[in-house]
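Novice: Contents of input-v3.cif (mmCIF, C-alpha atoms) are below:
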data_start
#
loop_
_atom_site.label_atom_id
_atom_site.label_comp_id
_atom_site.auth_asym_id
_atom_site.auth_seq_id
_atom_site.Cartn_x
_atom_site.Cartn_y
_atom_site.Cartn_z
CA MET A 1 41.80 86.63 30.10
CA SER A 2 40.97 86.50 33.80
CA PHE A 3 42.69 84.18 36.22
CA ASP A 4 39.56 83.10 38.07
CA GLY A 5 38.65 79.72 39.55
CA PRO A 6 37.41 77.93 36.41
CA PHE A 7 40.41 79.13 34.44
CA MET A 8 42.80 77.79 37.06
CA ILE A 9 40.99 74.42 37.11
CA GLN A 10 41.22 74.25 33.33
CA LEU A 11 44.89 75.25 33.46
CA ALA A 12 45.72 72.62 36.08
CA LEU A 13 43.93 69.84 34.19
CA GLY A 14 45.57 70.91 30.92
CA VAL A 15 49.05 70.92 32.46
CA VAL A 16 48.51 67.46 33.98
CA ALA A 17 47.24 66.15 30.62
CA LEU A 18 50.25 67.55 28.76
CA LEU A 19 52.81 66.26 31.27
CA THR A 20 51.32 62.77 31.42
CA ALA A 21 51.02 62.62 27.60
CA LEU A 22 54.73 63.45 27.43
CA ALA A 23 55.39 60.72 30.00
CA VAL A 24 53.45 58.18 27.89
CA VAL A 25 55.64 59.02 24.91
CA ALA A 26 59.00 59.29 26.69
CA VAL A 27 58.99 56.84 29.63
CA ARG A 28 60.93 53.62 29.03
CA GLU A 29 59.45 51.34 31.68
CA ILE A 30 56.27 49.68 30.53
CA THR A 31 54.31 49.77 33.81
CA ARG A 32 55.14 53.45 34.32
CA MET A 33 53.85 54.12 30.82
CA ALA A 34 50.58 52.39 31.72
CA VAL A 35 50.26 54.46 34.92
CA ALA A 36 50.98 57.66 32.99
CA LEU A 37 48.37 56.70 30.41
CA GLY A 38 45.83 56.14 33.20
CA VAL A 39 46.51 59.55 34.77
CA PHE A 40 46.37 61.16 31.31
CA LEU A 41 42.97 59.62 30.58
CA LEU A 42 41.68 60.70 34.01
CA SER A 43 42.79 64.28 33.36
CA VAL A 44 41.10 64.21 29.95
CA ALA A 45 37.93 62.98 31.67
CA GLY A 46 38.28 65.91 34.08
CA LEU A 47 38.50 68.31 31.14
CA PHE A 48 35.37 66.73 29.64
CA LEU A 49 33.64 67.32 32.97
CA PHE A 50 34.84 70.92 32.94
CA TYR A 51 33.41 71.45 29.45
CA GLY A 52 30.01 70.16 30.56
CA ALA A 53 30.16 66.72 28.93
CA SER A 54 29.59 64.85 32.18
CA PHE A 55 28.28 61.61 30.67
CA LEU A 56 31.23 61.51 28.27
CA ALA A 57 33.58 61.98 31.21
CA ALA A 58 32.01 59.03 33.03
CA ALA A 59 32.15 56.90 29.88
CA GLU A 60 35.81 57.84 29.41
CA VAL A 61 36.63 56.65 32.93
CA PHE A 62 34.66 53.40 32.57
CA VAL A 63 35.72 52.49 29.03
CA TYR A 64 39.31 53.73 29.01
CA VAL A 65 40.61 53.62 32.57
CA GLY A 66 38.49 50.61 33.50
CA GLY A 67 38.57 48.76 30.18
CA VAL A 68 41.26 49.65 27.69
CA LEU A 69 43.98 50.23 30.30
CA VAL A 70 43.29 46.88 32.00
CA LEU A 71 43.25 45.22 28.55
CA MET A 72 46.60 46.84 27.83
CA LEU A 73 48.04 45.54 31.10
CA PHE A 74 46.79 42.03 30.28
CA ALA A 75 48.40 42.25 26.84
CA ILE A 76 51.68 43.40 28.41
CA MET A 77 51.58 40.45 30.80
CA LEU A 78 50.86 38.00 27.97
CA VAL A 79 53.61 39.13 25.64
CA GLN A 80 56.38 39.90 28.08
CA ARG A 81 59.26 37.52 27.67
CA THR A 82 61.72 36.75 30.41
CA ASP A 83 64.31 39.25 29.23
CA ALA A 84 61.87 41.82 27.94
CA GLY A 85 61.34 43.60 31.23
CA ARG A 86 64.17 46.09 31.16
CA ALA A 87 64.40 46.85 27.42
CA ALA A 88 60.77 46.49 26.47
CA LEU A 89 60.29 50.11 25.63
CA GLU A 90 62.67 51.83 23.28
CA SER A 91 62.35 55.14 21.58
CA ARG A 92 64.21 56.51 18.64
CA HIS A 93 64.19 60.22 19.34
CA ASP A 94 65.31 62.10 16.29
CA ILE A 95 65.07 65.61 14.92
CA GLY A 96 62.84 64.59 12.00
CA SER A 97 60.03 63.24 14.19
CA ALA A 98 60.25 66.26 16.49
CA SER A 99 60.08 68.69 13.57
CA VAL A 100 57.07 66.84 12.12
CA ALA A 101 55.25 67.07 15.48
CA ILE A 102 56.16 70.75 16.02
CA GLY A 103 55.20 71.65 12.44
CA LEU A 104 51.86 69.90 12.85
CA PHE A 105 51.30 71.77 16.13
CA VAL A 106 51.95 75.15 14.48
CA MET A 107 49.76 74.28 11.49
CA LEU A 108 46.82 73.06 13.60
CA THR A 109 47.10 76.02 15.99
CA VAL A 110 46.97 78.50 13.10
CA ALA A 111 44.14 76.59 11.43
CA LEU A 112 42.02 76.36 14.60
CA ARG A 113 42.75 79.88 15.87
CA GLY A 114 39.79 81.41 14.05
CA VAL A 115 37.43 78.72 15.28
CA SER A 116 38.53 78.95 18.89
CA ASN A 117 38.38 82.76 18.84
CA ARG A 118 34.84 82.58 17.56
CA PHE A 119 33.56 80.09 20.12
CA GLN A 120 34.38 81.53 23.50
CA GLY A 121 31.32 81.33 25.70
CA SER A 122 31.35 79.61 29.05
CA PRO A 123 30.72 75.87 28.71
CA ALA A 124 27.18 74.77 29.43
CA GLY A 125 26.29 71.31 30.63
CA SER A 126 24.03 68.82 28.93
CA SER A 127 21.72 66.33 30.53
CA VAL A 128 21.47 62.56 30.17
CA PRO A 129 17.79 62.60 29.03
CA GLU A 130 18.79 64.97 26.19
CA LEU A 131 21.59 62.60 25.26
CA ALA A 132 19.21 59.66 25.25
CA ASP A 133 16.81 61.58 22.99
CA VAL A 134 19.62 62.32 20.55
CA LEU A 135 20.98 58.75 20.57
CA MET A 136 17.53 57.24 20.07
CA GLY A 137 16.42 59.95 17.64
CA SER A 138 18.58 61.82 15.17
CA ARG A 139 21.70 59.71 15.80
CA LEU A 140 19.98 56.31 15.85
CA VAL A 141 21.74 55.00 12.73
CA GLN A 142 25.18 55.93 14.10
CA TYR A 143 24.27 54.36 17.45
CA GLU A 144 23.33 51.06 15.79
CA MET A 145 26.47 51.21 13.64
CA ALA A 146 28.55 51.64 16.81
CA GLY A 147 26.94 48.51 18.24
CA LEU A 148 27.69 46.62 15.04
CA LEU A 149 31.29 47.87 15.10
CA LEU A 150 31.71 46.60 18.67
CA LEU A 151 30.34 43.19 17.67
CA VAL A 152 32.68 42.93 14.67
CA ALA A 153 35.62 44.05 16.81
CA LEU A 154 34.74 41.42 19.44
CA VAL A 155 34.62 38.61 16.84
CA ALA A 156 37.85 39.89 15.25
CA VAL A 157 39.66 39.91 18.59
CA ILE A 158 38.55 36.32 19.31
CA VAL A 159 39.66 35.15 15.85
CA ILE A 160 43.01 37.00 15.91
CA ALA A 161 44.11 36.34 19.48
CA GLY A 162 42.54 32.97 20.19
CA GLY A 163 42.65 31.24 16.81
CA ASP A 164 45.95 29.33 17.16
CA GLU A 165 45.31 27.34 20.32
CA GLN A 166 45.61 23.92 18.63
CA MET B 1 41.27 78.91 23.24
CA MET B 2 43.17 77.05 25.93
CA GLY B 3 41.22 73.82 25.49
CA VAL B 4 41.97 73.83 21.79
CA LEU B 5 45.66 74.53 22.44
CA VAL B 6 45.89 71.68 24.95
CA SER B 7 44.13 69.28 22.59
CA VAL B 8 46.36 70.21 19.64
CA ALA B 9 49.47 69.83 21.81
CA VAL B 10 48.27 66.43 23.09
CA PHE B 11 47.57 65.30 19.53
CA CYS B 12 51.05 66.34 18.37
CA ILE B 13 52.68 64.60 21.35
CA GLY B 14 50.82 61.45 20.24
CA VAL B 15 52.11 61.91 16.68
CA TYR B 16 55.66 62.19 18.03
CA GLY B 17 55.14 59.00 20.04
CA VAL B 18 53.86 57.08 17.01
CA LEU B 19 56.89 58.21 15.00
CA THR B 20 59.50 57.46 17.67
CA ARG B 21 58.26 54.45 19.61
CA ARG B 22 59.63 51.08 18.50
CA ASP B 23 57.47 48.78 20.63
CA ILE B 24 53.92 47.98 19.62
CA VAL B 25 52.44 48.77 23.06
CA GLY B 26 54.01 52.22 23.00
CA VAL B 27 52.69 52.92 19.50
CA LEU B 28 49.19 51.85 20.57
CA ALA B 29 49.36 54.05 23.67
CA SER B 30 50.46 56.98 21.49
CA VAL B 31 47.52 56.38 19.15
CA GLU B 32 45.22 56.49 22.19
CA VAL B 33 46.79 59.83 23.15
CA MET B 34 46.11 61.14 19.62
CA LEU B 35 42.47 60.02 19.77
CA ALA B 36 41.99 61.63 23.17
CA GLY B 37 43.41 64.88 21.78
CA ALA B 38 40.97 64.82 18.86
CA MET B 39 38.01 64.16 21.17
CA LEU B 40 39.15 66.95 23.47
CA ALA B 41 39.24 69.42 20.56
CA LEU B 42 35.73 68.39 19.53
CA VAL B 43 34.30 68.82 23.01
CA ALA B 44 36.24 72.04 23.75
CA ILE B 45 35.04 73.79 20.59
CA ALA B 46 31.49 72.51 20.61
CA SER B 47 30.78 73.21 24.27
CA SER B 48 31.33 76.96 23.90
CA ALA B 49 28.92 79.41 22.35
CA ASP B 50 29.46 81.39 19.18
CA SER B 51 30.46 84.88 20.37
CA ALA B 52 28.65 86.54 17.44
CA THR B 53 25.32 84.72 17.46
CA GLY B 54 25.27 83.03 20.85
CA VAL B 55 24.50 79.66 19.27
CA ARG B 56 26.22 76.52 20.52
CA PRO B 57 27.04 74.26 17.56
CA LEU B 58 26.11 70.61 17.94
CA ALA B 59 25.25 71.37 21.54
CA GLU B 60 22.57 68.73 21.84
CA SER B 61 24.49 65.95 20.15
CA ILE B 62 28.12 66.59 20.98
CA GLU B 63 28.13 63.96 23.70
CA ALA B 64 26.55 61.47 21.31
CA VAL B 65 29.31 62.08 18.76
CA GLY B 66 31.90 61.81 21.54
CA LEU B 67 30.44 58.50 22.69
CA LEU B 68 30.62 57.12 19.14
CA LEU B 69 34.26 58.24 18.94
CA LEU B 70 34.88 56.48 22.25
CA VAL B 71 33.43 53.24 20.82
CA ILE B 72 35.68 53.51 17.75
CA ALA B 73 38.74 54.15 19.93
CA ALA B 74 37.93 51.19 22.20
CA SER B 75 37.49 48.89 19.19
CA GLU B 76 40.80 50.06 17.75
CA ALA B 77 42.59 49.41 21.04
CA ALA B 78 41.06 45.93 21.39
CA VAL B 79 41.95 44.84 17.84
CA GLY B 80 45.43 46.36 18.10
CA LEU B 81 46.18 44.55 21.36
CA ALA B 82 44.85 41.29 19.90
CA LEU B 83 47.23 41.72 16.95
CA LEU B 84 50.06 42.39 19.43
CA VAL B 85 49.32 39.18 21.37
CA SER B 86 49.03 37.16 18.15
CA VAL B 87 52.29 38.47 16.68
CA ALA B 88 54.11 37.98 19.98
CA ARG B 89 52.90 34.37 20.20
CA ARG B 90 53.69 33.37 16.64
CA ARG B 91 56.96 35.21 16.10
CA GLY B 92 58.12 36.23 19.57
CA VAL B 93 58.38 39.83 18.46
CA THR B 94 57.03 42.96 20.17
CA ARG B 95 58.96 45.59 18.22
CA ILE B 96 57.67 47.07 15.02
CA ASP B 97 61.05 47.30 13.33
CA GLU B 98 61.50 43.52 13.64
CA LEU B 99 58.37 42.86 11.61
CA GLN B 100 59.97 42.94 8.18
CA GLU B 101 57.64 40.55 6.33
CA VAL B 102 54.95 43.10 5.55
CA LYS B 103 57.44 45.68 4.32
CA GLY B 104 56.59 46.86 0.80
#
What's the structure tokens form of this structure?

Specialist:
Amino acid sequence: MSFDGPFMIQLALGVVALLTALAVVAVREITRMAVALGVFLLSVAGLFLFYGASFLAAAEVFVYVGGVLVLMLFAIMLVQRTDAGRAALESRHDIGSASVAIGLFVMLTVALRGVSNRFQGSPAGSSVPELADVLMGSRLVQYEMAGLLLLVALVAVIVIAGGDEQ
Amino acid sequence: MMGVLVSVAVFCIGVYGVLTRRDIVGVLASVEVMLAGAMLALVAIASSADSATGVRPLAESIEAVGLLLLVIAASEAAVGLALLVSVARRRGVTRIDELQEVKG
């Protein structure tokens, strides 16, 4: 393992992702959690960029940081009661949950060790025209299903959140 | 190897958050962390070449699969937040342990 430039970039992005993920789980103030989630998603987008998935990185920034995070902030504003500001976030840290998470980490690391040892080349980028060919070719059915899923989700959100106005 | 390790660690941090958080927003944020970890594992493994054969698996369509995962994650977040707003309006509750009616 050589400590060259790409490795250090990957290391830095990975450390930021891990620290901000921990902050999302552990922070008690709701706006700080949203900020931590935003930085976490940006670092994940940076890792996507590092692995050559540049379009996916851009989509992650647009959809998550620009869409889901803003949606989450709107939801927080809508549901916050007058006394909910200070005690809105509570965690119940216990040894059982920690042991489940650590056990899952060990299990997944052992299970994926063979796969990650096998695939170790340097990441190669892909181009947007190739992606368009795939989406409009071999993955056309999945692409249309994704569009249908978004439509159903949109209708469901309107029915669930806006159905009790009268 | 490091990308896979980071993604597994991020996924497990998300699992810990889902198990320990009591507020619905925190649980949803933890689920988003889990989904990001899964996508990261997919991209980290599929972007590298097989050291034995030199073939990159799913190389041409990995971004397409990632985009579809992104759509699923965005839909989940939107529906989850709509449920949060609806429950908070009708019952004034934002904590999951106060929602006892659906308990089996």

Novice: Using the chain letters and numbers from this file, what does the PyMOL selection byres ((chain A and resi 10-12) around 9) select? Give the answer as a list in words.

Specialist: Gly5, Pro6, Phe7, Met8, Ile9, Leu13, Gly14, Val15, Val16, Ala17, Gly46, Leu47 and Phe50 of chain A; Met2 and Gly3 of chain B

Novice: Just the number, please: distance in Å from atom CA of Arg113 of chain A to atom CA of Leu5 of chain B, one decimal.

Specialist: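 Atom CA of Leu5 of chain B lies 9.0 Å from atom CA of Arg113 of chain A.
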
Novice: To one decimal place in Å, what is the distance between atom CA of Val15 of chain B and atom CA of Leu35 of chain B?

Specialist: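 Pair atom CA of Val15 of chain B / atom CA of Leu35 of chain B returns 10.3 Å.
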
Novice: What separation in Å, quoted to one decimal, exists between atom CA of Glu101 of chain B and atom CA of Val87 of chain B?

Specialist: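 Rounded to one decimal, the two atoms are 11.8 Å apart.
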
Novice: List, as a ChimeraX atom specification, every residue that the PyMOL selection byres ((chain A and resi 140-149) around 12) selects in the file provided.

Specialist: /A:131-139,150-156 /B:61,64-76,78-79

Novice: Calculated over all atoms listed in the file, which of the candidates B:Val10, B:Val93, B:Ala88, B:Leu81 has the smallest distance to Leu28 of chain B?

Specialist: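 Ranked by minimum distance to Leu28 of chain B, first place goes to B:Leu81.
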
Novice: With the file shown as input, list the residues that the PyMOL selection byres ((chain B and resi 29) around 10) selects, as a PyMOL selection string.

Specialist: (chain A and resi 21+24-25+33-34+37+69+72) or (chain B and resi 14+17-18+21+24-28+30-35+77)

Novice: Taking all atoms listed in the file into account, name the residue in B:Val8, B:Leu40, B:Val85, B:Met1 that is nearest to Met77 of chain A.

Specialist: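 That would be B:Val85, the residue with the smallest distance to Met77 of chain A.
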
Novice: Using all atoms listed in the file, can you list as JSON, numbers by chain the residues within 7 Å of (42.2, 39.4, 17.2)?

Specialist: {"A": [156, 157, 158, 159, 160, 161], "B": [79, 82, 83]}

Novice: Can you work out which one of A:Glu130, A:Gly38, A:Ala58, A:Thr31 has the shortest atom-to-atom distance to chain B, counting only C-alpha atoms?

Specialist: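 Smallest distance to chain B is found for A:Glu130.
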
Novice: Rank A:Ala36, A:Ile95, A:Leu56, A:Val61 by their smallest atom-to-atom distance to chain B, using only C-alpha atoms, and report the top residue only.

Specialist: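 That would be A:Leu56, the residue with the smallest distance to chain B.
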
Novice: Given the choices A:Thr109, A:Ser127, A:Ser99, A:Ser43, which gets closest to Ala9 of chain B if the distance is worked out from only C-alpha atoms?

Specialist: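 Residue with the minimum atom-to-atom distance to Ala9 of chain B: A:Thr109.
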
Novice: Which is closest to chain B among A:Ala98, A:Val27, A:Val110, A:Leu42, if we use all atoms listed in the file?

Specialist: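 So, comparing all the options, the nearest one is A:Ala98.
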
Novice: Leu99 of chain B: which residues within 12 Å, counting all atoms listed in the file, same-chain residues fewer than 4 positions away excluded, as a ChimeraX atom specification?

Specialist: /B:22-24,84,87-88,90-95,103-104

Novice: Would you mind putting all heavy atoms back on segment 74-85 of chain B and writing the result as a compact mmCIF listing (two decimals), in the coordinates of the input?

Specialist:
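The resulting file, part08.txt, is reproduced below:
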# COMPACT_ATOMS: atom_id res chain seq x y z
N ALA B 74 37.85 52.43 21.42
CA ALA B 74 37.93 51.19 22.20
C ALA B 74 38.08 49.99 21.27
O ALA B 74 38.86 49.07 21.55
CB ALA B 74 36.69 51.05 23.07
N SER B 75 37.36 49.98 20.15
CA SER B 75 37.49 48.89 19.19
C SER B 75 38.90 48.83 18.62
O SER B 75 39.49 47.74 18.50
CB SER B 75 36.50 49.06 18.04
OG SER B 75 35.21 49.24 18.53
N GLU B 76 39.44 50.00 18.29
CA GLU B 76 40.80 50.06 17.75
C GLU B 76 41.80 49.50 18.76
O GLU B 76 42.70 48.74 18.39
CB GLU B 76 41.11 51.50 17.39
CG GLU B 76 42.54 51.79 17.02
CD GLU B 76 43.33 52.30 18.19
OE1 GLU B 76 42.75 53.02 19.02
OE2 GLU B 76 44.52 51.96 18.29
N ALA B 77 41.65 49.88 20.01
CA ALA B 77 42.59 49.41 21.04
C ALA B 77 42.48 47.89 21.20
O ALA B 77 43.50 47.20 21.30
CB ALA B 77 42.30 50.11 22.36
N ALA B 78 41.25 47.37 21.20
CA ALA B 78 41.06 45.93 21.39
C ALA B 78 41.67 45.14 20.24
O ALA B 78 42.40 44.15 20.45
CB ALA B 78 39.57 45.61 21.54
N VAL B 79 41.41 45.55 19.00
CA VAL B 79 41.95 44.84 17.84
C VAL B 79 43.48 44.98 17.79
O VAL B 79 44.19 44.01 17.50
CB VAL B 79 41.29 45.35 16.54
CG1 VAL B 79 41.94 44.72 15.34
CG2 VAL B 79 39.81 45.05 16.54
N GLY B 80 43.99 46.17 18.10
CA GLY B 80 45.43 46.36 18.10
C GLY B 80 46.13 45.49 19.13
O GLY B 80 47.16 44.88 18.84
N LEU B 81 45.56 45.39 20.33
CA LEU B 81 46.18 44.55 21.36
C LEU B 81 46.08 43.08 21.00
O LEU B 81 46.98 42.30 21.29
CB LEU B 81 45.54 44.85 22.71
CG LEU B 81 45.90 46.22 23.27
CD1 LEU B 81 45.05 46.56 24.48
CD2 LEU B 81 47.36 46.26 23.66
N ALA B 82 44.97 42.68 20.35
CA ALA B 82 44.85 41.29 19.90
C ALA B 82 45.91 40.97 18.86
O ALA B 82 46.52 39.88 18.87
CB ALA B 82 43.45 41.05 19.32
N LEU B 83 46.16 41.91 17.94
CA LEU B 83 47.23 41.72 16.95
C LEU B 83 48.59 41.61 17.64
O LEU B 83 49.42 40.78 17.26
CB LEU B 83 47.24 42.90 15.97
CG LEU B 83 46.19 42.86 14.87
CD1 LEU B 83 46.19 44.17 14.12
CD2 LEU B 83 46.48 41.73 13.91
N LEU B 84 48.80 42.45 18.67
CA LEU B 84 50.06 42.39 19.43
C LEU B 84 50.27 41.02 20.06
O LEU B 84 51.34 40.41 19.93
CB LEU B 84 50.05 43.48 20.50
CG LEU B 84 51.05 43.35 21.64
CD1 LEU B 84 52.45 43.56 21.13
CD2 LEU B 84 50.75 44.33 22.74
N VAL B 85 49.21 40.49 20.72
CA VAL B 85 49.32 39.18 21.37
C VAL B 85 49.57 38.10 20.33
O VAL B 85 50.42 37.20 20.51
CB VAL B 85 48.02 38.90 22.17
CG1 VAL B 85 48.01 37.47 22.66
CG2 VAL B 85 47.92 39.86 23.34
